[in-house]
file run_37.tsv (TSV, C-alpha atoms)
chain	number	residue	atom	x	y	z
O	6	MET	CA	-1.12	-4.20	-20.90
O	7	ALA	CA	-3.01	-4.47	-17.62
O	8	ASN	CA	-5.46	-2.28	-15.74
O	9	VAL	CA	-4.10	-2.13	-12.19
O	10	LEU	CA	-5.49	-0.79	-8.91
O	11	ILE	CA	-2.90	-0.15	-6.17
O	12	THR	CA	-3.80	0.74	-2.60
O	13	GLY	CA	-1.50	2.93	-0.51
O	14	ALA	CA	-0.21	4.58	-3.68
O	15	SER	CA	0.84	7.97	-2.32
O	16	SER	CA	4.27	6.92	-1.00
O	17	GLY	CA	6.83	4.15	-0.65
O	18	PHE	CA	6.42	0.88	-2.53
O	19	GLY	CA	3.00	1.92	-3.80
O	20	LYS	CA	4.13	5.15	-5.43
O	21	MET	CA	7.21	3.49	-6.95
O	22	THR	CA	5.05	0.71	-8.36
O	23	VAL	CA	2.59	3.16	-9.90
O	24	GLU	CA	5.45	5.04	-11.55
O	25	LEU	CA	7.05	1.89	-12.94
O	26	LEU	CA	3.79	0.48	-14.26
O	27	LEU	CA	3.03	3.75	-16.04
O	28	GLN	CA	6.50	3.76	-17.58
O	29	LYS	CA	5.76	0.32	-18.98
O	30	GLY	CA	2.45	1.41	-20.49
O	31	HIS	CA	-0.04	-0.08	-18.04
O	32	THR	CA	-3.21	1.72	-16.97
O	33	VAL	CA	-3.01	2.48	-13.26
O	34	VAL	CA	-5.47	3.60	-10.61
O	35	GLY	CA	-3.82	4.57	-7.35
O	36	SER	CA	-5.73	4.87	-4.11
O	37	ALA	CA	-4.94	6.69	-0.89
O	38	ARG	CA	-6.62	8.64	1.86
O	39	ASP	CA	-7.00	12.41	1.40
O	40	VAL	CA	-5.92	12.46	-2.24
O	41	ASP	CA	-7.07	16.08	-2.42
O	42	GLY	CA	-5.88	16.93	1.12
O	43	ARG	CA	-2.71	15.90	2.91
O	44	ASN	CA	-1.78	13.51	0.08
O	45	LYS	CA	-2.58	15.98	-2.69
O	46	ALA	CA	1.04	16.67	-3.70
O	47	PRO	CA	2.05	13.03	-4.36
O	48	SER	CA	-1.38	12.34	-5.87
O	49	ASP	CA	-0.96	15.25	-8.28
O	50	GLU	CA	2.51	13.95	-9.20
O	51	LEU	CA	1.03	10.60	-10.14
O	52	ARG	CA	-1.87	12.20	-11.98
O	53	ALA	CA	0.63	14.19	-14.04
O	54	LEU	CA	2.29	10.91	-15.01
O	55	GLY	CA	-1.03	9.46	-16.16
O	56	ALA	CA	-2.45	7.69	-13.12
O	57	GLN	CA	-6.05	7.98	-12.00
O	58	MET	CA	-6.18	8.66	-8.26
O	59	VAL	CA	-9.17	7.67	-6.15
O	60	GLU	CA	-10.02	8.31	-2.53
O	61	MET	CA	-9.96	5.14	-0.44
O	62	ASP	CA	-9.80	4.38	3.26
O	63	VAL	CA	-9.25	0.62	3.45
O	64	THR	CA	-10.75	0.55	6.97
O	65	ASP	CA	-14.14	1.74	5.70
O	66	ASP	CA	-16.48	-0.55	3.74
O	67	GLY	CA	-18.27	2.27	1.93
O	68	SER	CA	-15.05	4.02	0.97
O	69	VAL	CA	-13.59	0.82	-0.48
O	70	GLU	CA	-16.74	-0.02	-2.43
O	71	ALA	CA	-16.98	3.51	-3.85
O	72	ALA	CA	-13.30	3.59	-4.82
O	73	VAL	CA	-13.42	0.20	-6.55
O	74	ALA	CA	-16.55	1.23	-8.44
O	75	GLU	CA	-14.79	4.43	-9.55
O	76	ALA	CA	-11.72	2.45	-10.63
O	77	LEU	CA	-13.85	-0.01	-12.58
O	78	GLY	CA	-15.69	2.82	-14.25
O	79	GLY	CA	-12.52	4.68	-15.13
O	80	THR	CA	-10.74	1.68	-16.64
O	81	GLY	CA	-13.54	-0.46	-18.01
O	82	GLY	CA	-12.32	-3.36	-15.88
O	83	LEU	CA	-9.51	-4.32	-13.51
O	84	ASP	CA	-6.99	-7.04	-14.27
O	85	VAL	CA	-4.85	-6.63	-11.15
O	86	VAL	CA	-5.27	-5.38	-7.59
O	87	VAL	CA	-2.15	-4.70	-5.54
O	88	ASN	CA	-3.02	-4.69	-1.84
O	89	ASN	CA	-0.15	-2.51	-0.67
O	90	ALA	CA	-1.64	-0.26	2.04
O	91	GLY	CA	-0.18	-1.16	5.42
O	92	LEU	CA	0.52	0.02	8.95
O	93	GLY	CA	3.66	-0.85	10.90
O	94	VAL	CA	4.41	-0.72	14.60
O	95	LEU	CA	7.33	-0.36	17.00
O	96	GLY	CA	7.07	-1.27	20.65
O	97	VAL	CA	6.72	-3.91	23.32
O	98	GLN	CA	3.80	-6.13	22.38
O	99	GLU	CA	2.21	-6.08	25.84
O	100	THR	CA	1.95	-2.29	25.88
O	101	PHE	CA	-0.19	-2.02	22.74
O	102	THR	CA	-3.84	-1.69	23.73
O	103	PRO	CA	-6.51	-3.96	22.20
O	104	ALA	CA	-7.76	-0.95	20.25
O	105	GLU	CA	-4.28	-0.49	18.75
O	106	TRP	CA	-4.14	-4.16	17.79
O	107	GLN	CA	-7.51	-3.71	16.11
O	108	GLN	CA	-6.21	-0.64	14.27
O	109	VAL	CA	-3.31	-2.62	12.81
O	110	PHE	CA	-5.49	-5.56	11.77
O	111	ASP	CA	-8.11	-3.23	10.30
O	112	VAL	CA	-5.54	-1.97	7.79
O	113	ASN	CA	-3.29	-4.98	7.21
O	114	VAL	CA	-5.86	-7.78	7.24
O	115	PHE	CA	-9.45	-6.59	7.08
O	116	GLY	CA	-8.50	-3.81	4.65
O	117	VAL	CA	-7.07	-6.37	2.23
O	118	HIS	CA	-10.22	-8.47	2.62
O	119	ARG	CA	-12.47	-5.45	1.98
O	120	VAL	CA	-10.67	-4.56	-1.23
O	121	SER	CA	-10.56	-8.18	-2.38
O	122	ARG	CA	-14.29	-8.69	-1.72
O	123	ALA	CA	-15.08	-5.55	-3.69
O	124	VAL	CA	-13.15	-6.57	-6.80
O	125	LEU	CA	-13.42	-10.38	-6.90
O	126	PRO	CA	-16.99	-10.61	-8.26
O	127	HIS	CA	-15.80	-8.60	-11.26
O	128	MET	CA	-12.73	-10.83	-11.76
O	129	ARG	CA	-14.76	-14.03	-11.43
O	130	GLU	CA	-17.22	-12.75	-14.01
O	131	ARG	CA	-14.35	-12.07	-16.42
O	132	GLY	CA	-12.68	-15.39	-15.62
O	133	SER	CA	-9.31	-13.78	-14.98
O	134	GLY	CA	-7.47	-11.55	-12.56
O	135	LEU	CA	-4.61	-11.23	-10.11
O	136	LEU	CA	-4.42	-10.27	-6.45
O	137	VAL	CA	-0.96	-9.14	-5.36
O	138	GLN	CA	-0.61	-9.07	-1.58
O	139	VAL	CA	2.26	-7.02	-0.17
O	140	SER	CA	3.22	-8.94	2.94
O	141	SER	CA	6.60	-8.94	4.72
O	142	LEU	CA	9.36	-11.27	5.83
O	143	LEU	CA	7.89	-10.50	9.26
O	144	GLY	CA	4.91	-12.50	8.09
O	145	ARG	CA	7.18	-15.54	7.96
O	146	VAL	CA	9.37	-15.07	11.06
O	147	THR	CA	8.99	-12.88	14.13
O	148	ILE	CA	11.43	-10.41	15.62
O	149	PRO	CA	10.77	-8.44	18.82
O	150	PHE	CA	9.05	-5.06	18.96
O	151	HIS	CA	6.79	-5.68	15.96
O	152	GLY	CA	4.22	-7.97	17.60
O	153	PRO	CA	0.91	-6.66	16.19
O	154	TYR	CA	2.50	-6.20	12.77
O	155	ASN	CA	3.98	-9.73	12.82
O	156	ALA	CA	0.59	-11.17	13.73
O	157	SER	CA	-1.24	-9.19	11.05
O	158	LYS	CA	1.14	-10.25	8.30
O	159	TRP	CA	0.98	-13.90	9.39
O	160	ALA	CA	-2.80	-13.55	9.11
O	161	LEU	CA	-2.44	-12.00	5.65
O	162	GLU	CA	-0.28	-14.93	4.55
O	163	ALA	CA	-2.92	-17.43	5.72
O	164	MET	CA	-5.74	-15.46	4.12
O	165	SER	CA	-3.81	-15.37	0.85
O	166	GLU	CA	-3.20	-19.12	0.92
O	167	ASN	CA	-6.94	-19.68	1.23
O	168	TYR	CA	-7.72	-17.18	-1.51
O	169	ARG	CA	-5.26	-18.94	-3.81
O	170	VAL	CA	-7.09	-22.24	-3.43
O	171	GLU	CA	-10.64	-20.89	-3.46
O	172	LEU	CA	-10.01	-18.72	-6.54
O	173	SER	CA	-8.04	-21.28	-8.54
O	174	GLY	CA	-11.10	-22.51	-10.41
O	175	PHE	CA	-12.11	-19.00	-11.49
O	176	GLY	CA	-8.93	-18.04	-13.34
O	177	VAL	CA	-7.82	-15.62	-10.62
O	178	ASP	CA	-4.19	-15.82	-9.47
O	179	VAL	CA	-2.89	-14.78	-6.05
O	180	ALA	CA	0.72	-13.75	-5.44
O	181	ILE	CA	2.45	-12.66	-2.24
O	182	ILE	CA	5.38	-10.23	-2.20
O	183	GLU	CA	7.55	-10.57	0.93
O	184	PRO	CA	9.88	-7.58	1.35
O	185	GLY	CA	12.49	-7.28	4.05
O	186	GLY	CA	13.07	-3.93	5.75
O	187	PHE	CA	13.60	-0.94	3.46
O	188	GLU	CA	14.11	2.76	3.93
O	189	THR	CA	10.75	4.25	2.96
O	190	PRO	CA	8.26	6.72	4.52
O	191	PHE	CA	6.57	3.63	6.02
O	192	ALA	CA	9.03	3.82	8.92
O	193	ASP	CA	8.05	7.42	9.63
O	194	SER	CA	4.48	6.49	10.54
O	195	LEU	CA	5.03	3.45	12.76
O	196	LEU	CA	2.36	3.05	15.44
O	197	ARG	CA	3.84	3.14	18.93
O	198	PRO	CA	2.01	1.82	21.99
O	199	SER	CA	-0.02	4.31	24.01
O	200	ASP	CA	0.25	2.40	27.31
O	201	GLN	CA	3.54	3.94	28.44
O	202	GLY	CA	2.80	4.19	32.16
O	203	GLY	CA	3.65	0.61	33.00
O	204	GLU	CA	6.53	-1.16	34.66
O	205	VAL	CA	10.04	0.23	34.56
O	206	ALA	CA	11.28	-2.92	32.84
O	207	LEU	CA	8.77	-2.50	30.00
O	208	ASN	CA	9.70	1.14	29.58
O	209	ALA	CA	13.34	0.10	29.31
O	210	MET	CA	12.39	-2.40	26.62
O	211	GLN	CA	10.62	0.36	24.70
O	212	GLU	CA	13.87	2.32	24.72
O	213	GLN	CA	15.58	-0.81	23.42
O	214	ALA	CA	13.01	-0.96	20.61
O	215	GLU	CA	13.86	2.60	19.57
O	216	GLY	CA	17.55	1.69	19.62
O	217	PHE	CA	16.81	-1.33	17.45
O	218	LEU	CA	15.09	0.87	14.88
O	219	TYR	CA	18.01	3.31	14.86
O	220	GLY	CA	20.53	0.49	14.42
O	221	PHE	CA	18.55	-1.03	11.58
O	222	GLY	CA	18.42	2.36	9.88
O	223	GLU	CA	22.21	2.52	10.01
O	224	ALA	CA	22.43	-0.98	8.53
O	225	LEU	CA	20.14	0.02	5.69
O	226	ALA	CA	22.20	3.11	4.96
O	227	ALA	CA	25.31	0.93	4.73
O	228	ASN	CA	23.68	-1.45	2.22
O	229	PRO	CA	22.69	0.36	-1.00
O	230	ALA	CA	21.62	-2.97	-2.52
O	231	GLN	CA	18.59	-2.86	-0.21
O	232	ASN	CA	16.86	-0.45	-2.57
O	233	PRO	CA	13.06	-0.07	-2.22
O	234	GLN	CA	12.85	0.03	-6.02
O	235	ASN	CA	13.55	-3.72	-5.84
O	236	VAL	CA	10.08	-4.22	-4.36
O	237	ALA	CA	8.36	-2.25	-7.13
O	238	ASP	CA	10.37	-4.24	-9.68
O	239	ALA	CA	9.22	-7.51	-8.08
O	240	ILE	CA	5.56	-6.46	-8.07
O	241	VAL	CA	5.68	-5.44	-11.72
O	242	ASN	CA	7.52	-8.63	-12.65
O	243	VAL	CA	4.73	-10.73	-11.11
O	244	ILE	CA	2.08	-8.66	-12.89
O	245	GLU	CA	3.83	-9.10	-16.24
O	246	THR	CA	4.33	-12.86	-15.80
O	247	PRO	CA	1.70	-14.81	-17.76
O	248	ALA	CA	-1.35	-15.99	-15.85
O	249	GLY	CA	-0.94	-19.41	-14.31
O	250	GLN	CA	2.86	-19.10	-14.27
O	251	ARG	CA	3.25	-16.57	-11.47
O	252	PRO	CA	5.17	-17.55	-8.33
O	253	PHE	CA	2.95	-17.64	-5.27
O	254	ARG	CA	5.61	-16.14	-2.98
O	255	THR	CA	8.39	-13.74	-3.99
O	256	VAL	CA	11.02	-12.76	-1.42
O	257	VAL	CA	12.63	-9.32	-1.86
O	258	ASP	CA	15.59	-8.77	0.44
O	259	LYS	CA	19.32	-8.05	0.28
O	260	MET	CA	19.99	-8.03	4.03
O	261	GLY	CA	20.43	-11.77	4.52
O	262	MET	CA	17.04	-12.70	5.97
O	263	GLY	CA	15.56	-13.49	2.59
O	264	GLU	CA	18.14	-16.20	1.92
O	265	ALA	CA	16.95	-17.99	5.05
O	266	ILE	CA	13.25	-17.56	4.28
O	267	GLN	CA	13.32	-18.84	0.69
O	268	PRO	CA	14.03	-22.51	1.62
O	269	TYR	CA	11.32	-22.24	4.29
O	270	ASN	CA	8.84	-21.11	1.64
O	271	GLU	CA	9.85	-23.92	-0.69
O	272	GLN	CA	9.47	-26.54	2.04
O	273	LEU	CA	6.01	-25.21	2.88
O	274	GLU	CA	4.98	-25.47	-0.77
O	275	GLN	CA	6.12	-29.08	-0.87
O	276	LEU	CA	4.34	-29.88	2.40
O	277	THR	CA	1.15	-28.21	1.19
O	278	SER	CA	1.32	-30.00	-2.15
O	279	GLY	CA	1.69	-33.34	-0.40
O	280	LEU	CA	-1.17	-32.59	1.96
O	281	TYR	CA	-3.54	-31.63	-0.86
O	282	ALA	CA	-2.53	-34.69	-2.86
O	283	ALA	CA	-3.20	-36.95	0.13
O	284	PHE	CA	-6.72	-35.56	0.42
O	285	GLU	CA	-7.26	-35.67	-3.36
O	286	MET	CA	-7.50	-31.87	-3.61
O	287	GLY	CA	-4.46	-31.37	-5.83
O	288	ASP	CA	-6.57	-29.88	-8.63
O	289	LEU	CA	-7.37	-26.94	-6.31
O	290	LEU	CA	-3.72	-26.08	-5.82
O	291	LYS	CA	-1.41	-24.65	-8.45
O	292	LEU	CA	2.02	-24.52	-6.88
O	293	LYS	CA	4.73	-22.29	-8.33
O	294	ILE	CA	8.08	-22.22	-6.54
O	295	LYS	CA	10.22	-19.19	-7.38
O	296	GLU	CA	13.72	-20.20	-8.39

call {"tool": "encode", "arguments": {"input": "run_37.tsv", "output": "structure tokens"}}
result
Amino acid sequence: MANVLITGASSGFGKMTVELLLQKGHTVVGSARDVDGRNKAPSDELRALGAQMVEMDVTDDGSVEAAVAEALGGTGGLDVVVNNAGLGVLGVQETFTPAEWQQVFDVNVFGVHRVSRAVLPHMRERGSGLLVQVSSLLGRVTIPFHGPYNASKWALEAMSENYRVELSGFGVDVAIIEPGGFETPFADSLLRPSDQGGEVALNAMQEQAEGFLYGFGEALAANPAQNPQNVADAIVNVIETPAGQRPFRTVVDKMGMGEAIQPYNEQLEQLTSGLYAAFEMGDLLKLKIKE
């Protein structure tokens, strides 16, 4: 059984993953903002199931360091960190201000790096560990009206590729989960651009973005196979796979996009493997292609 820390645990994929891990007998620490405030109800639900809940704002260095220290103290050591906390967007890319771009990256990229930096010295000392990065299919291909989110998830993918290589000699695995779109509370808190006083054409595109979201919601409702529990199942499956055998990328999607992305991922693995072999760095790279 593993000791697992999950960020963004109060709702959506995070909450489902905490619940499933507890059912399977793992020790789980969930983190969220305001665990004794606005997120008290879901935090209390998870506490009642056996989870330890810690206060963490992934955009704040001190908060992350304190939360990881509390998690380490409460478990005696962490085997797995699931970087799940994330912020989505909806709107025309041009109309998001630089500050809004920074807000998205502070959660989706720098937040992951903060948590990873806080826990990796402990994992290296133990000679084992696993980072699970919750990315997105929008970190592999772009669609309109999600520009800052697309860019942040592409950055997360690149950061994770580097972590995989640089941690390979320390016994620490890295795995990326790439969900498609799912019906979760994530969609209820999408960041929309504040610069709404621009050109008529851009305002019309913003209306189109809202229509896109509505249409996608209808498509989700018509496809019960696109169940968010699938993502929690995939995360837990990676955690329970023996060290050194875990797939680097796992696509989770029943809407059709995942079928197109999987060959892309496999081709990238082959290209990367060839590149590392050509530069005699193959020992740094442990490639696992999910079948």

call {"tool": "closest_atom_pairs", "arguments": {"input": "run_37.tsv", "of": "segment 47-155 of chain O", "to": "segment 27-37 of chain O", "cutoff": "9 Å", "atoms": "only C-alpha atoms", "output": "CSV"}}
result
residue,atom,partner,partner_atom,distance
O:Ser48,CA,O:Gly35,CA,8.3
O:Leu51,CA,O:Gly35,CA,8.2
O:Leu54,CA,O:Leu27,CA,7.3
O:Gly55,CA,O:Leu27,CA,7.0
O:Ala56,CA,O:Val33,CA,5.2
O:Gln57,CA,O:Val34,CA,4.6
O:Met58,CA,O:Gly35,CA,4.8
O:Val59,CA,O:Ser36,CA,4.9
O:Glu60,CA,O:Ala37,CA,5.6
O:Met61,CA,O:Ala37,CA,5.3
O:Asp62,CA,O:Ala37,CA,6.8
O:Val63,CA,O:Ala37,CA,8.6
O:Ala72,CA,O:Ser36,CA,7.7
O:Ala76,CA,O:Val34,CA,6.4
O:Gly79,CA,O:Val34,CA,8.4
O:Thr80,CA,O:Thr32,CA,7.5
O:Ala90,CA,O:Ala37,CA,8.2

call {"tool": "closest_residue", "arguments": {"input": "run_37.tsv", "among": "O:Met262, O:Leu218, O:Leu135, O:Val205", "to": "Gln250 of chain O", "atoms": "all atoms listed in the file"}}
result
O:Leu135

call {"tool": "closest_residue", "arguments": {"input": "run_37.tsv", "among": "O:Ala227, O:Ala163, O:Leu142, O:Ser278", "to": "Ala265 of chain O", "atoms": "only C-alpha atoms"}}
result
O:Leu142

call {"tool": "residues_near_point", "arguments": {"input": "run_37.tsv", "point": "(1.5, 7.2, 16.3)", "cutoff": "10 Å", "atoms": "all atoms listed in the file", "output": "list in words"}}
result
Gly93, Val94, Leu95, Glu105, Asp193, Ser194, Leu195, Leu196, Arg197, Pro198 and Ser199 of chain O

call {"tool": "closest_residue", "arguments": {"input": "run_37.tsv", "among": "O:Ser68, O:Ser121, O:Asn235, O:Gln108", "to": "Asp39 of chain O", "atoms": "only C-alpha atoms"}}
result
O:Ser68

call {"tool": "decode", "arguments": {"input": "run_37.tsv", "residues": "segment 121-153 of chain O", "atoms": "N, CA and C atoms", "output": "PDB file, in the first residue's frame"}}
result
ATOM      1  N   SER O 121       6.464  19.531  -6.531  1.00  0.00           N
ATOM      2  CA  SER O 121       7.502  18.558  -6.862  1.00  0.00           C
ATOM      3  C   SER O 121       8.803  18.873  -6.140  1.00  0.00           C
ATOM      4  N   ARG O 122       9.202  20.151  -6.141  1.00  0.00           N
ATOM      5  CA  ARG O 122      10.440  20.555  -5.461  1.00  0.00           C
ATOM      6  C   ARG O 122      10.366  20.272  -3.967  1.00  0.00           C
ATOM      7  N   ALA O 123       9.186  20.400  -3.396  1.00  0.00           N
ATOM      8  CA  ALA O 123       9.042  20.184  -1.959  1.00  0.00           C
ATOM      9  C   ALA O 123       9.162  18.716  -1.574  1.00  0.00           C
ATOM     10  N   VAL O 124       8.734  17.817  -2.466  1.00  0.00           N
ATOM     11  CA  VAL O 124       8.703  16.402  -2.103  1.00  0.00           C
ATOM     12  C   VAL O 124       9.881  15.608  -2.655  1.00  0.00           C
ATOM     13  N   LEU O 125      10.518  16.078  -3.726  1.00  0.00           N
ATOM     14  CA  LEU O 125      11.548  15.264  -4.378  1.00  0.00           C
ATOM     15  C   LEU O 125      12.789  14.988  -3.516  1.00  0.00           C
ATOM     16  N   PRO O 126      13.263  15.920  -2.692  1.00  0.00           N
ATOM     17  CA  PRO O 126      14.403  15.559  -1.837  1.00  0.00           C
ATOM     18  C   PRO O 126      14.109  14.343  -0.963  1.00  0.00           C
ATOM     19  N   HIS O 127      12.892  14.257  -0.469  1.00  0.00           N
ATOM     20  CA  HIS O 127      12.480  13.113   0.351  1.00  0.00           C
ATOM     21  C   HIS O 127      12.487  11.831  -0.484  1.00  0.00           C
ATOM     22  N   MET O 128      11.945  11.892  -1.701  1.00  0.00           N
ATOM     23  CA  MET O 128      11.898  10.698  -2.555  1.00  0.00           C
ATOM     24  C   MET O 128      13.300  10.258  -2.967  1.00  0.00           C
ATOM     25  N   ARG O 129      14.157  11.216  -3.297  1.00  0.00           N
ATOM     26  CA  ARG O 129      15.525  10.859  -3.674  1.00  0.00           C
ATOM     27  C   ARG O 129      16.258  10.184  -2.519  1.00  0.00           C
ATOM     28  N   GLU O 130      16.026  10.701  -1.320  1.00  0.00           N
ATOM     29  CA  GLU O 130      16.667  10.112  -0.145  1.00  0.00           C
ATOM     30  C   GLU O 130      16.221   8.666   0.058  1.00  0.00           C
ATOM     31  N   ARG O 131      14.942   8.401  -0.227  1.00  0.00           N
ATOM     32  CA  ARG O 131      14.406   7.044  -0.061  1.00  0.00           C
ATOM     33  C   ARG O 131      14.758   6.142  -1.244  1.00  0.00           C
ATOM     34  N   GLY O 132      15.108   6.775  -2.377  1.00  0.00           N
ATOM     35  CA  GLY O 132      15.432   5.991  -3.558  1.00  0.00           C
ATOM     36  C   GLY O 132      14.230   5.433  -4.286  1.00  0.00           C
ATOM     37  N   SER O 133      13.059   6.042  -4.051  1.00  0.00           N
ATOM     38  CA  SER O 133      11.844   5.583  -4.722  1.00  0.00           C
ATOM     39  C   SER O 133      10.793   6.680  -4.656  1.00  0.00           C
ATOM     40  N   GLY O 134       9.811   6.583  -5.546  1.00  0.00           N
ATOM     41  CA  GLY O 134       8.726   7.544  -5.539  1.00  0.00           C
ATOM     42  C   GLY O 134       8.065   7.629  -6.903  1.00  0.00           C
ATOM     43  N   LEU O 135       6.958   8.347  -6.946  1.00  0.00           N
ATOM     44  CA  LEU O 135       6.203   8.506  -8.184  1.00  0.00           C
ATOM     45  C   LEU O 135       5.537   9.877  -8.199  1.00  0.00           C
ATOM     46  N   LEU O 136       5.769  10.618  -9.285  1.00  0.00           N
ATOM     47  CA  LEU O 136       5.021  11.839  -9.556  1.00  0.00           C
ATOM     48  C   LEU O 136       3.985  11.526 -10.625  1.00  0.00           C
ATOM     49  N   VAL O 137       2.719  11.772 -10.326  1.00  0.00           N
ATOM     50  CA  VAL O 137       1.650  11.627 -11.307  1.00  0.00           C
ATOM     51  C   VAL O 137       1.173  13.025 -11.672  1.00  0.00           C
ATOM     52  N   GLN O 138       1.326  13.386 -12.929  1.00  0.00           N
ATOM     53  CA  GLN O 138       0.952  14.716 -13.398  1.00  0.00           C
ATOM     54  C   GLN O 138      -0.372  14.626 -14.165  1.00  0.00           C
ATOM     55  N   VAL O 139      -1.393  15.313 -13.681  1.00  0.00           N
ATOM     56  CA  VAL O 139      -2.672  15.319 -14.390  1.00  0.00           C
ATOM     57  C   VAL O 139      -2.626  16.425 -15.430  1.00  0.00           C
ATOM     58  N   SER O 140      -2.427  16.038 -16.670  1.00  0.00           N
ATOM     59  CA  SER O 140      -2.353  16.963 -17.783  1.00  0.00           C
ATOM     60  C   SER O 140      -3.705  17.008 -18.487  1.00  0.00           C
ATOM     61  N   SER O 141      -3.709  16.943 -19.797  1.00  0.00           N
ATOM     62  CA  SER O 141      -4.945  17.040 -20.580  1.00  0.00           C
ATOM     63  C   SER O 141      -4.622  16.682 -22.024  1.00  0.00           C
ATOM     64  N   LEU O 142      -5.615  16.215 -22.766  1.00  0.00           N
ATOM     65  CA  LEU O 142      -5.426  16.085 -24.204  1.00  0.00           C
ATOM     66  C   LEU O 142      -5.149  17.442 -24.842  1.00  0.00           C
ATOM     67  N   LEU O 143      -5.565  18.523 -24.159  1.00  0.00           N
ATOM     68  CA  LEU O 143      -5.276  19.867 -24.654  1.00  0.00           C
ATOM     69  C   LEU O 143      -3.829  20.266 -24.375  1.00  0.00           C
ATOM     70  N   GLY O 144      -3.071  19.373 -23.773  1.00  0.00           N
ATOM     71  CA  GLY O 144      -1.634  19.529 -23.688  1.00  0.00           C
ATOM     72  C   GLY O 144      -0.918  18.821 -24.822  1.00  0.00           C
ATOM     73  N   ARG O 145      -1.693  18.204 -25.719  1.00  0.00           N
ATOM     74  CA  ARG O 145      -1.133  17.519 -26.876  1.00  0.00           C
ATOM     75  C   ARG O 145      -1.587  18.140 -28.188  1.00  0.00           C
ATOM     76  N   VAL O 146      -2.789  18.724 -28.180  1.00  0.00           N
ATOM     77  CA  VAL O 146      -3.345  19.362 -29.376  1.00  0.00           C
ATOM     78  C   VAL O 146      -4.172  20.566 -28.916  1.00  0.00           C
ATOM     79  N   THR O 147      -4.193  21.612 -29.722  1.00  0.00           N
ATOM     80  CA  THR O 147      -4.930  22.809 -29.320  1.00  0.00           C
ATOM     81  C   THR O 147      -6.289  22.864 -29.995  1.00  0.00           C
ATOM     82  N   ILE O 148      -7.254  23.426 -29.264  1.00  0.00           N
ATOM     83  CA  ILE O 148      -8.536  23.798 -29.840  1.00  0.00           C
ATOM     84  C   ILE O 148      -8.805  25.239 -29.402  1.00  0.00           C
ATOM     85  N   PRO O 149      -9.598  25.985 -30.168  1.00  0.00           N
ATOM     86  CA  PRO O 149      -9.778  27.399 -29.836  1.00  0.00           C
ATOM     87  C   PRO O 149     -10.481  27.601 -28.499  1.00  0.00           C
ATOM     88  N   PHE O 150     -10.252  28.798 -27.947  1.00  0.00           N
ATOM     89  CA  PHE O 150     -10.914  29.296 -26.746  1.00  0.00           C
ATOM     90  C   PHE O 150     -10.353  28.716 -25.445  1.00  0.00           C
ATOM     91  N   HIS O 151      -9.215  28.045 -25.553  1.00  0.00           N
ATOM     92  CA  HIS O 151      -8.555  27.518 -24.350  1.00  0.00           C
ATOM     93  C   HIS O 151      -7.065  27.878 -24.359  1.00  0.00           C
ATOM     94  N   GLY O 152      -6.701  28.988 -25.011  1.00  0.00           N
ATOM     95  CA  GLY O 152      -5.307  29.308 -25.258  1.00  0.00           C
ATOM     96  C   GLY O 152      -4.382  29.239 -24.061  1.00  0.00           C
ATOM     97  N   PRO O 153      -4.623  29.982 -22.974  1.00  0.00           N
ATOM     98  CA  PRO O 153      -3.708  29.920 -21.834  1.00  0.00           C
ATOM     99  C   PRO O 153      -3.644  28.531 -21.205  1.00  0.00           C
TER     100      PRO O 153
END
